[in-house]
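Right, one structure below, let's go through it.
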Amino acid sequence: MAATKRHWLIKQEPDTFSWDDFVKAGEAQWDGVRNYQARNNLRAMRKGDLAFYYHSGTGREIVGVAEVLREAYPDPTATGGDWSCVDFKPVKALKRPVSLTEIKADKRLENLLLVRHSRLSVMPMEAAEFEMILKLAASRL
DNA sequence: GCCAACGTTGGC
DNA sequence: GCCAACGTTGGC
């Protein structure tokens with residue numbers, strides 16, 4: 001019946017909009033994406049899908065889990081072109097952040113687009129990879 | 001349609 | 001602050 005949930009990772013510079021800002025806001029319109037691959041990923045998201053919230057630049061770590069609140073709709077901040085945005089709400093912060101260094105050190109996560117394609121800001125990931133990172137976050141460093 | 005130049009992102 | 005990776009643009 002219900003389609004299998006897909007898993008994602010979204011990046012944000014904490015200096016621009018941190019996880020704490022996100023939690024304070026209660027939800028966020030994920031606009032401003034101007035890359036086709038990232039846009040297509042946004043469009044493939046379904047309500048209820050989960051996404052890791054990653055701090056790029058300062059931090060470079062996964063800090064929390066977000067959920068798709070509203071599926072892709074036209075990005076109101078776009079002045080031209082065919083762009084989309086998605087609304088997310090925070091679900092929970094990870095028990096402890098999982099850093100890029102830690103992810104890179106883990107052979108089982110070597111196929112993550114976060115590692116292979118570092119410039120992509122919205123990316124899919126496997127359910128197994130998602131679970132693995134949740135497990136890392138629940139463990140001691 | 002190719003490719004050089006340029007801009008942007010993000011890790012280090 | 002630097003640089004690699006990558007996307008986009010524009011000349012030919």
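Here's how to read the names in the structure tokens: chain A, B, ... by the order shown, residue numbers from 1 in each chain, ligand numbers from 1 in the order shown.
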
Practice prompt. Give as a list of chain:residue names every residue of chain A that touches chain C within 10 Å, counting only C-alpha atoms (C1' of nucleotides).
Written response: A:Asn35, A:Tyr36, A:His117, A:Ser118, A:Arg119, A:Leu120

Using the chain letters and numbers from this document, which residues of range 11-131 of chain A does DSSP assign to alpha helix (DSSP H), as a PDB file with C-alpha atoms, in the first residue's frame?
```pdb
ATOM      1  CA  PRO A  14      24.928  26.621  10.063  1.00  0.00           C
ATOM      2  CA  ASP A  15      25.931  30.287   9.719  1.00  0.00           C
ATOM      3  CA  THR A  16      22.958  30.731   7.392  1.00  0.00           C
ATOM      4  CA  PHE A  17      20.350  28.482   8.975  1.00  0.00           C
ATOM      5  CA  TRP A  19      19.693  23.107  13.101  1.00  0.00           C
ATOM      6  CA  ASP A  20      18.858  25.243  16.153  1.00  0.00           C
ATOM      7  CA  ASP A  21      17.359  27.925  13.921  1.00  0.00           C
ATOM      8  CA  PHE A  22      15.362  25.180  12.226  1.00  0.00           C
ATOM      9  CA  VAL A  23      14.054  23.824  15.542  1.00  0.00           C
ATOM     10  CA  LYS A  24      13.185  27.327  16.701  1.00  0.00           C
ATOM     11  CA  ALA A  25      11.325  28.010  13.466  1.00  0.00           C
ATOM     12  CA  TYR A  36      19.237  20.646 -11.347  1.00  0.00           C
ATOM     13  CA  GLN A  37      20.323  17.474  -9.631  1.00  0.00           C
ATOM     14  CA  ALA A  38      19.420  18.867  -6.230  1.00  0.00           C
ATOM     15  CA  ARG A  39      16.139  20.181  -7.582  1.00  0.00           C
ATOM     16  CA  ASN A  40      15.241  16.803  -9.030  1.00  0.00           C
ATOM     17  CA  ASN A  41      15.970  15.223  -5.686  1.00  0.00           C
ATOM     18  CA  LEU A  42      13.661  17.710  -3.996  1.00  0.00           C
ATOM     19  CA  ARG A  43      10.967  16.800  -6.477  1.00  0.00           C
ATOM     20  CA  ALA A  44      11.339  13.103  -5.757  1.00  0.00           C
ATOM     21  CA  LEU A 100      32.117  13.823   7.948  1.00  0.00           C
ATOM     22  CA  THR A 101      35.471  12.537   9.199  1.00  0.00           C
ATOM     23  CA  GLU A 102      33.749   9.662  10.956  1.00  0.00           C
ATOM     24  CA  ILE A 103      31.646   8.886   7.893  1.00  0.00           C
ATOM     25  CA  LYS A 104      34.697   8.916   5.646  1.00  0.00           C
ATOM     26  CA  ALA A 105      36.487   6.551   8.005  1.00  0.00           C
ATOM     27  CA  LEU A 113      27.056  10.911  -2.173  1.00  0.00           C
ATOM     28  CA  LEU A 114      28.107  13.145   0.685  1.00  0.00           C
ATOM     29  CA  VAL A 115      31.543  11.599   0.251  1.00  0.00           C
ATOM     30  CA  ARG A 116      31.541  10.957  -3.488  1.00  0.00           C
ATOM     31  CA  ALA A 127      17.754   3.112   3.992  1.00  0.00           C
ATOM     32  CA  ALA A 128      20.599   0.913   5.238  1.00  0.00           C
ATOM     33  CA  GLU A 129      22.998   3.852   5.199  1.00  0.00           C
ATOM     34  CA  PHE A 130      20.457   5.969   7.019  1.00  0.00           C
ATOM     35  CA  GLU A 131      20.049   3.317   9.715  1.00  0.00           C
TER      36      GLU A 131
END
```

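Across the model, the gap from CA of Ser18 in chain A to CA of Leu141 in chain A is 22.6 Å.
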
Practice prompt. Select from chain A everything DSSP, run on the backbone, classes as strand (DSSP E or B), then give the selection as a VMD selection string.
Written response: chain A and resid 7 to 12 28 to 30 50 to 55 61 to 74 84 to 99 122 to 125

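Checking A:Ser99, A:Ser56, A:Gln29, A:Ser121 one by one against Ser84 in chain A, counting only C-alpha atoms, you find the shortest gap at A:Gln29.
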